[in-house]
Amino acid sequence: MSVRIEVDLGERSYPIIIDGAKRPEVHRQIRAVRPDRVFAVFDAQVFALHGRALIDDLKKSGEPACSLTLPIDERAKNRSTVNEIHDWLLAEGVSRSDLILAVGGGVTTDLIGYAAATVLRGVSWGAIPTTLVGMIDAAIGGKTGINHPLAKNAIGVFWQPQFVYSYTPYLNTLDERQVYAGIGELIKYAGLAGESLIAMTSELVDVAGIGSGRKLEKAIAVAAAYKAALVSEDERDVGIRQFLNLGHTFAHGLEQSLGYGKLLHGEAVSVGLLAAVYLSEMTIAGARTNLAGYRQVVEENIARVPRRTIEVDRVLKAMEFDKKRAGRSIRLILLKRPGRPVIRSGIDSQRIRQALERAVQFYRENGGKRGADSHH
């Protein structure tokens, strides 16, 4: 299976390729860009699994290539790691006619994209996401950046890639925790896109070792197409692209309050989605009935999220630094029903607290009941 989706940004348009072939063929995308040289930055775990095969494929492009391998996780998404990447690129003589490749999960594409945007005031880059979160969300749309001690993704720029190449067989080597973190992000898209994707996603929630099956590939394509459409219409995140923040204001608050890396991003999104659903039911007429089926899918996935001790006050404090706030007011994405997101600001802080407390209580009672609880 191979699917091509276009992000339509005029002269800066680029393809998303979802490829289930026997071998990766990223060299075709590189040839289309025609760089002088290729600089590939790999997450270390990804390189151990797939690096040699990918480098062999890069050679087919005919461009000189060199690579850097780094241990990358949420805790590495900081200025120090960006400086290390810049040091390597500059020492190797990178120029604006080159191409930088980000090979890894969502943290990798955020980080390397930001390094590409900020070296020499901007060098072209391409994304090769290797996780489900990366393929359906993080690698698409040009949001690049790093974390700040006060807030997740607080330092960054919009810098669109030349292409996103999602090779789905890479998903076969993800551990179960990474897979279900990706399902958490996919459930967000199900809430935004509506019933058809909810049906697809609910089938995946109960399956262990999903790998790169056709059902999953189809769900990836639907989610990627949804995001591509929003980015095409609202690149700078001032309007409908904000719908993609469903559950994320809560999730980013959870990640910052716990310490980056204690929960994977998709795991925090799973809890954040539950808070957003509860808040929707509390503040929007008819939402409780309309969201009943979707709420069940969200709740079922909580059992896959490993248990951590969450302090509601610390989460709420972290949410005050969210990038999408309106003045001093937290801006949240809620649902009238599946497929009908709305942007809301000025919601009473006590209601936000009540929704979060209820979600955290559900998580305390049900989190970690299924799947291994592994630590980074």
# chains A, B, ... in the order shown; residues from 1 in each chain; ligands from 1

$ closest_atom_pairs --of "segment 173-207 of chain A" --to "segment 296-303 of chain A" --cutoff "10 Å" --atoms "only C-alpha atoms" --output "JSON lines"
{"residue": "A:Tyr180", "atom": "CA", "partner": "A:Asn301", "partner_atom": "CA", "distance": 7.9}
{"residue": "A:Ala181", "atom": "CA", "partner": "A:Asn301", "partner_atom": "CA", "distance": 9.3}
{"residue": "A:Ile183", "atom": "CA", "partner": "A:Asn301", "partner_atom": "CA", "distance": 8.1}
{"residue": "A:Gly184", "atom": "CA", "partner": "A:Asn301", "partner_atom": "CA", "distance": 7.1}
{"residue": "A:Ile187", "atom": "CA", "partner": "A:Val298", "partner_atom": "CA", "distance": 7.0}
{"residue": "A:Lys188", "atom": "CA", "partner": "A:Val298", "partner_atom": "CA", "distance": 8.8}
{"residue": "A:Ala190", "atom": "CA", "partner": "A:Val297", "partner_atom": "CA", "distance": 9.7}
{"residue": "A:Gly191", "atom": "CA", "partner": "A:Val298", "partner_atom": "CA", "distance": 9.4}
{"residue": "A:Ile198", "atom": "CA", "partner": "A:Val297", "partner_atom": "CA", "distance": 7.9}
{"residue": "A:Ala199", "atom": "CA", "partner": "A:Val297", "partner_atom": "CA", "distance": 9.5}
{"residue": "A:Thr201", "atom": "CA", "partner": "A:Val297", "partner_atom": "CA", "distance": 8.2}
{"residue": "A:Ser202", "atom": "CA", "partner": "A:Val297", "partner_atom": "CA", "distance": 6.0}
{"residue": "A:Glu203", "atom": "CA", "partner": "A:Val297", "partner_atom": "CA", "distance": 9.6}
{"residue": "A:Val205", "atom": "CA", "partner": "A:Asn301", "partner_atom": "CA", "distance": 6.4}
{"residue": "A:Asp206", "atom": "CA", "partner": "A:Asn301", "partner_atom": "CA", "distance": 8.4}

$ select_by_dssp --residues "segment 14-189 of chain A" --states "strand (DSSP E)" --output "PyMOL selection string"
chain A and resi 14-19+38-43+65-70+99-104+124-129+143-148+151-158+164-167

$ write_last_selection --atoms "N, CA and C atoms" --output "short mmCIF file (atom, residue, chain, number, x, y, z; two decimals), in the first residue's frame"
data_model
loop_
_atom_site.label_atom_id
_atom_site.label_comp_id
_atom_site.auth_asym_id
_atom_site.auth_seq_id
_atom_site.Cartn_x
_atom_site.Cartn_y
_atom_site.Cartn_z
N TYR A 14 4.04 20.20 -0.03
CA TYR A 14 4.89 19.00 0.06
C TYR A 14 4.02 17.76 0.24
N PRO A 15 4.58 16.59 -0.10
CA PRO A 15 3.80 15.36 0.01
C PRO A 15 4.01 14.65 1.35
N ILE A 16 2.97 13.95 1.78
CA ILE A 16 3.07 12.95 2.83
C ILE A 16 2.94 11.60 2.13
N ILE A 17 3.95 10.78 2.24
CA ILE A 17 3.93 9.45 1.61
C ILE A 17 3.76 8.41 2.71
N ILE A 18 2.70 7.62 2.64
CA ILE A 18 2.49 6.50 3.56
C ILE A 18 2.75 5.24 2.77
N ASP A 19 3.84 4.55 3.13
CA ASP A 19 4.36 3.48 2.28
C ASP A 19 4.48 2.18 3.07
N VAL A 38 23.18 15.34 1.91
CA VAL A 38 22.15 14.91 2.85
C VAL A 38 22.79 14.68 4.22
N PHE A 39 22.17 15.27 5.24
CA PHE A 39 22.61 15.08 6.63
C PHE A 39 21.48 14.37 7.38
N ALA A 40 21.69 13.13 7.73
CA ALA A 40 20.65 12.34 8.40
C ALA A 40 20.93 12.27 9.89
N VAL A 41 19.93 12.67 10.70
CA VAL A 41 20.05 12.58 12.15
C VAL A 41 19.07 11.51 12.64
N PHE A 42 19.62 10.49 13.29
CA PHE A 42 18.85 9.33 13.73
C PHE A 42 18.68 9.32 15.24
N ASP A 43 17.50 8.95 15.70
CA ASP A 43 17.35 8.48 17.06
C ASP A 43 18.15 7.18 17.19
N ALA A 65 26.04 11.59 1.58
CA ALA A 65 25.26 11.59 2.82
C ALA A 65 26.17 11.31 4.01
N CYS A 66 25.89 11.99 5.11
CA CYS A 66 26.57 11.67 6.37
C CYS A 66 25.51 11.62 7.46
N SER A 67 25.83 10.97 8.58
CA SER A 67 24.79 10.76 9.60
C SER A 67 25.31 11.02 11.00
N LEU A 68 24.37 11.36 11.87
CA LEU A 68 24.60 11.57 13.30
C LEU A 68 23.55 10.76 14.05
N THR A 69 23.99 10.06 15.09
CA THR A 69 23.08 9.25 15.89
C THR A 69 23.08 9.77 17.32
N LEU A 70 21.90 10.03 17.85
CA LEU A 70 21.76 10.58 19.20
C LEU A 70 20.69 9.81 19.98
N LEU A 99 20.13 19.08 2.56
CA LEU A 99 18.88 18.56 3.13
C LEU A 99 19.21 17.83 4.42
N ILE A 100 18.48 18.16 5.48
CA ILE A 100 18.64 17.50 6.77
C ILE A 100 17.46 16.54 6.95
N LEU A 101 17.75 15.29 7.31
CA LEU A 101 16.71 14.30 7.53
C LEU A 101 16.55 14.03 9.02
N ALA A 102 15.31 13.98 9.47
CA ALA A 102 14.99 13.62 10.86
C ALA A 102 14.40 12.23 10.85
N VAL A 103 15.09 11.27 11.47
CA VAL A 103 14.66 9.87 11.43
C VAL A 103 14.39 9.40 12.85
N GLY A 104 13.11 9.28 13.20
CA GLY A 104 12.74 8.86 14.55
C GLY A 104 11.30 9.22 14.83
N SER A 124 16.71 23.26 4.40
CA SER A 124 15.61 22.34 4.07
C SER A 124 15.74 21.03 4.87
N TRP A 125 14.58 20.44 5.17
CA TRP A 125 14.62 19.18 5.92
C TRP A 125 13.50 18.26 5.45
N GLY A 126 13.66 16.99 5.73
CA GLY A 126 12.64 16.00 5.45
C GLY A 126 12.40 15.16 6.69
N ALA A 127 11.18 14.71 6.87
CA ALA A 127 10.80 13.94 8.06
C ALA A 127 10.58 12.48 7.68
N ILE A 128 11.21 11.59 8.44
CA ILE A 128 10.98 10.15 8.30
C ILE A 128 10.52 9.64 9.66
N PRO A 129 9.23 9.81 9.97
CA PRO A 129 8.72 9.39 11.28
C PRO A 129 8.69 7.86 11.38
N LYS A 143 5.44 22.33 12.64
CA LYS A 143 5.69 22.82 14.00
C LYS A 143 6.95 22.14 14.52
N THR A 144 7.99 22.93 14.74
CA THR A 144 9.24 22.40 15.25
C THR A 144 9.58 23.11 16.55
N GLY A 145 10.30 22.44 17.45
CA GLY A 145 10.62 23.13 18.68
C GLY A 145 11.16 22.23 19.77
N ILE A 146 11.40 22.86 20.91
CA ILE A 146 11.93 22.19 22.08
C ILE A 146 11.11 22.59 23.30
N ASN A 147 11.33 21.86 24.38
CA ASN A 147 10.64 22.16 25.63
C ASN A 147 11.39 23.22 26.43
N HIS A 148 10.66 23.87 27.32
CA HIS A 148 11.22 24.79 28.31
C HIS A 148 10.82 24.25 29.67
N ALA A 151 7.21 25.04 30.25
CA ALA A 151 6.12 24.66 29.33
C ALA A 151 6.65 23.80 28.18
N LYS A 152 5.83 22.83 27.77
CA LYS A 152 6.18 21.94 26.67
C LYS A 152 6.09 22.68 25.33
N ASN A 153 7.07 22.43 24.46
CA ASN A 153 7.10 23.00 23.11
C ASN A 153 7.02 24.52 23.09
N ALA A 154 7.53 25.16 24.15
CA ALA A 154 7.38 26.61 24.28
C ALA A 154 8.35 27.39 23.39
N ILE A 155 9.44 26.75 22.95
CA ILE A 155 10.43 27.40 22.10
C ILE A 155 10.39 26.72 20.74
N GLY A 156 10.09 27.47 19.68
CA GLY A 156 10.03 26.81 18.38
C GLY A 156 9.60 27.75 17.26
N VAL A 157 9.60 27.21 16.05
CA VAL A 157 9.21 27.98 14.87
C VAL A 157 8.40 27.08 13.93
N PHE A 158 7.68 27.70 13.01
CA PHE A 158 7.05 26.97 11.92
C PHE A 158 8.09 26.83 10.80
N VAL A 164 7.22 14.30 4.03
CA VAL A 164 7.08 13.39 5.17
C VAL A 164 6.96 12.00 4.59
N TYR A 165 7.90 11.13 4.95
CA TYR A 165 7.91 9.77 4.41
C TYR A 165 7.66 8.80 5.55
N SER A 166 6.46 8.25 5.60
CA SER A 166 6.05 7.34 6.67
C SER A 166 6.09 5.91 6.16
N TYR A 167 7.11 5.18 6.57
CA TYR A 167 7.30 3.79 6.15
C TYR A 167 6.70 2.89 7.23
#

$ atom_distance --atom1 "atom CA of Ser345 of chain A" --atom2 "atom CA of Tyr260 of chain A"
26.4 Å

$ residues_around --residues "Leu264 of chain A" --least-positions-apart "5" --cutoff "12 Å" --atoms "only C-alpha atoms" --output "PyMOL selection string"
chain A and resi 73-75+105-107+131+133+177-185+251-252+254-256+258-259+269-271+304-308+373-376

$ write_last_selection --atoms "N, CA, C and O atoms" --output "compact mmCIF listing (two decimals), in the first residue's frame"
# COMPACT_ATOMS: atom_id res chain seq x y z
N ASP A 73 14.88 11.31 23.52
CA ASP A 73 13.57 11.14 24.12
C ASP A 73 13.10 12.51 24.59
O ASP A 73 13.76 13.52 24.31
N GLU A 74 11.98 12.57 25.26
CA GLU A 74 11.39 13.86 25.63
C GLU A 74 12.35 14.71 26.47
O GLU A 74 12.38 15.93 26.36
N ARG A 75 13.19 14.06 27.26
CA ARG A 75 14.14 14.80 28.12
C ARG A 75 15.28 15.41 27.31
O ARG A 75 15.95 16.32 27.80
N GLY A 105 10.95 9.24 16.10
CA GLY A 105 9.58 9.53 16.52
C GLY A 105 9.28 11.02 16.51
O GLY A 105 10.03 11.84 15.97
N GLY A 106 8.15 11.38 17.14
CA GLY A 106 7.71 12.76 17.14
C GLY A 106 8.68 13.71 17.80
O GLY A 106 8.85 14.85 17.36
N VAL A 107 9.34 13.27 18.87
CA VAL A 107 10.34 14.12 19.52
C VAL A 107 11.48 14.41 18.55
O VAL A 107 11.97 15.54 18.47
N THR A 131 7.33 6.32 14.38
CA THR A 131 6.33 5.95 15.37
C THR A 131 4.95 6.35 14.86
O THR A 131 4.82 7.19 13.96
N VAL A 133 2.69 8.12 16.52
CA VAL A 133 2.48 9.54 16.83
C VAL A 133 3.12 10.41 15.76
O VAL A 133 2.54 11.41 15.30
N ARG A 177 3.94 -0.29 24.36
CA ARG A 177 3.66 1.01 24.98
C ARG A 177 3.67 2.13 23.94
O ARG A 177 2.81 3.01 23.94
N GLN A 178 4.66 2.10 23.03
CA GLN A 178 4.72 3.12 21.98
C GLN A 178 3.52 3.02 21.05
O GLN A 178 2.97 4.04 20.61
N VAL A 179 3.11 1.80 20.75
CA VAL A 179 1.94 1.62 19.87
C VAL A 179 0.70 2.26 20.49
O VAL A 179 -0.02 3.03 19.84
N TYR A 180 0.47 1.99 21.76
CA TYR A 180 -0.74 2.50 22.39
C TYR A 180 -0.66 4.00 22.70
O TYR A 180 -1.70 4.67 22.78
N ALA A 181 0.55 4.52 22.83
CA ALA A 181 0.69 5.98 22.89
C ALA A 181 0.21 6.58 21.57
O ALA A 181 -0.48 7.61 21.55
N GLY A 182 0.56 5.93 20.46
CA GLY A 182 0.09 6.39 19.15
C GLY A 182 -1.41 6.26 19.00
O GLY A 182 -2.07 7.12 18.41
N ILE A 183 -1.97 5.18 19.55
CA ILE A 183 -3.43 5.01 19.50
C ILE A 183 -4.12 6.15 20.25
O ILE A 183 -5.18 6.64 19.84
N GLY A 184 -3.50 6.62 21.35
CA GLY A 184 -4.05 7.76 22.08
C GLY A 184 -4.18 8.98 21.18
O GLY A 184 -5.22 9.68 21.18
N GLU A 185 -3.16 9.25 20.37
CA GLU A 185 -3.22 10.37 19.43
C GLU A 185 -4.24 10.11 18.32
O GLU A 185 -4.96 11.01 17.88
N ALA A 251 -2.97 17.60 28.36
CA ALA A 251 -1.86 16.67 28.21
C ALA A 251 -0.52 17.34 28.44
O ALA A 251 0.36 16.81 29.13
N HIS A 252 -0.33 18.53 27.85
CA HIS A 252 0.94 19.23 28.04
C HIS A 252 1.14 19.63 29.50
O HIS A 252 2.26 19.59 30.01
N LEU A 254 -0.01 17.91 32.03
CA LEU A 254 0.37 16.65 32.68
C LEU A 254 1.85 16.36 32.48
O LEU A 254 2.57 16.03 33.44
N GLU A 255 2.32 16.48 31.25
CA GLU A 255 3.72 16.16 30.95
C GLU A 255 4.68 17.07 31.71
O GLU A 255 5.69 16.62 32.26
N GLN A 256 4.37 18.38 31.71
CA GLN A 256 5.27 19.31 32.40
C GLN A 256 5.25 19.08 33.90
O GLN A 256 6.30 19.11 34.56
N LEU A 258 4.57 16.35 35.62
CA LEU A 258 5.18 15.07 36.01
C LEU A 258 6.68 15.06 35.81
O LEU A 258 7.41 14.33 36.49
N GLY A 259 7.16 15.89 34.87
CA GLY A 259 8.55 15.81 34.42
C GLY A 259 8.55 15.14 33.05
O GLY A 259 7.96 14.07 32.88
N VAL A 269 -1.92 12.41 26.28
CA VAL A 269 -3.07 12.81 25.45
C VAL A 269 -4.30 11.98 25.81
O VAL A 269 -5.42 12.51 25.87
N SER A 270 -4.11 10.69 26.09
CA SER A 270 -5.24 9.83 26.44
C SER A 270 -5.97 10.37 27.67
O SER A 270 -7.21 10.42 27.71
N VAL A 271 -5.21 10.77 28.70
CA VAL A 271 -5.81 11.34 29.91
C VAL A 271 -6.40 12.72 29.61
O VAL A 271 -7.50 13.06 30.07
N ARG A 304 -4.41 1.26 29.21
CA ARG A 304 -3.07 1.05 28.66
C ARG A 304 -2.06 2.08 29.16
O ARG A 304 -0.87 1.96 28.85
N VAL A 305 -2.51 3.10 29.85
CA VAL A 305 -1.62 4.18 30.29
C VAL A 305 -1.01 3.80 31.64
O VAL A 305 -1.74 3.57 32.60
N PRO A 306 0.32 3.72 31.76
CA PRO A 306 0.94 3.33 33.03
C PRO A 306 0.63 4.33 34.13
O PRO A 306 0.43 5.53 33.88
N ARG A 307 0.59 3.83 35.35
CA ARG A 307 0.20 4.68 36.48
C ARG A 307 1.33 5.62 36.91
O ARG A 307 2.46 5.21 37.08
N ARG A 308 0.97 6.86 37.09
CA ARG A 308 1.87 7.87 37.65
C ARG A 308 1.05 8.67 38.66
O ARG A 308 -0.17 8.73 38.58
N ASP A 373 4.15 -1.82 32.19
CA ASP A 373 4.51 -0.46 32.59
C ASP A 373 6.03 -0.36 32.54
O ASP A 373 6.73 -0.68 33.49
N SER A 374 6.54 0.10 31.41
CA SER A 374 7.99 0.25 31.27
C SER A 374 8.39 1.69 31.49
O SER A 374 7.62 2.60 31.27
N HIS A 375 9.61 1.87 31.92
CA HIS A 375 10.12 3.22 32.18
C HIS A 375 11.24 3.53 31.22
O HIS A 375 11.95 2.65 30.75
N HIS A 376 11.42 4.83 30.92
CA HIS A 376 12.54 5.25 30.08
C HIS A 376 13.72 5.60 30.98
O HIS A 376 13.54 6.10 32.06

$ select_by_dssp --residues "segment 175-333 of chain A" --states "helix (DSSP H, G or I)" --output "VMD selection string"
chain A and resid 176 to 193 195 to 205 214 to 233 240 to 245 248 to 258 265 to 283 287 to 290 292 to 302 312 to 319

$ closest_residue --among "A:Pro169, A:Gly293, A:Pro161, A:Gly134" --to "Leu49 of chain A" --atoms "only C-alpha atoms"
A:Pro169

$ closest_residue --among "A:Leu89, A:Gly261, A:Leu150, A:Phe243" --to "Ala76 of chain A" --atoms "only C-alpha atoms"
A:Gly261

$ atom_distance --atom1 "atom CA of Val360 of chain A" --atom2 "atom CA of Ala276 of chain A"
11.8 Å

$ closest_residue --among "A:Phe250, A:Lys317, A:Arg337, A:Lys218" --to "Ala355 of chain A" --atoms "only C-alpha atoms"
A:Phe250

$ closest_residue --among "A:His248, A:His50, A:Arg12, A:Arg4" --to "Ser232 of chain A" --atoms "only C-alpha atoms"
A:Arg12

$ atom_distance --atom1 "atom CA of Ser61 of chain A" --atom2 "atom CA of His27 of chain A"
4.7 Å

$ residues_around --residues "Pro35 of chain A" --least-positions-apart "5" --cutoff "8 Å" --atoms "only C-alpha atoms" --output "list in words"
Ile30, Glu63, Ser97, Asp98 and Leu99 of chain A

$ write_last_selection --atoms "C-alpha atoms" --output "mmCIF file, in the first residue's frame"
data_model
loop_
_atom_site.group_PDB
_atom_site.id
_atom_site.type_symbol
_atom_site.label_atom_id
_atom_site.label_comp_id
_atom_site.auth_asym_id
_atom_site.auth_seq_id
_atom_site.Cartn_x
_atom_site.Cartn_y
_atom_site.Cartn_z
ATOM 1 C CA ILE A 30 15.395 13.066 -1.925
ATOM 2 C CA GLU A 63 23.778 12.518 -3.141
ATOM 3 C CA SER A 97 21.482 23.871 -0.565
ATOM 4 C CA ASP A 98 21.638 20.702 1.612
ATOM 5 C CA LEU A 99 18.884 18.561 3.129
#

$ residues_around --residues "Thr249 of chain A" --least-positions-apart "4" --cutoff "7 Å" --atoms "only C-alpha atoms" --output "NGL selection string"
:A and (245 or 253 or 319 or 322 or 332)

$ closest_residue --among "A:Glu84, A:Ala138, A:Thr289, A:Phe163" --to "Gln29 of chain A" --atoms "only C-alpha atoms"
A:Phe163

$ residues_around --residues "Ala21 of chain A" --least-positions-apart "4" --cutoff "12 Å" --atoms "only C-alpha atoms" --output "VMD selection string"
chain A and resid 1 to 3 17 25 to 26 166 to 170 212 214 217
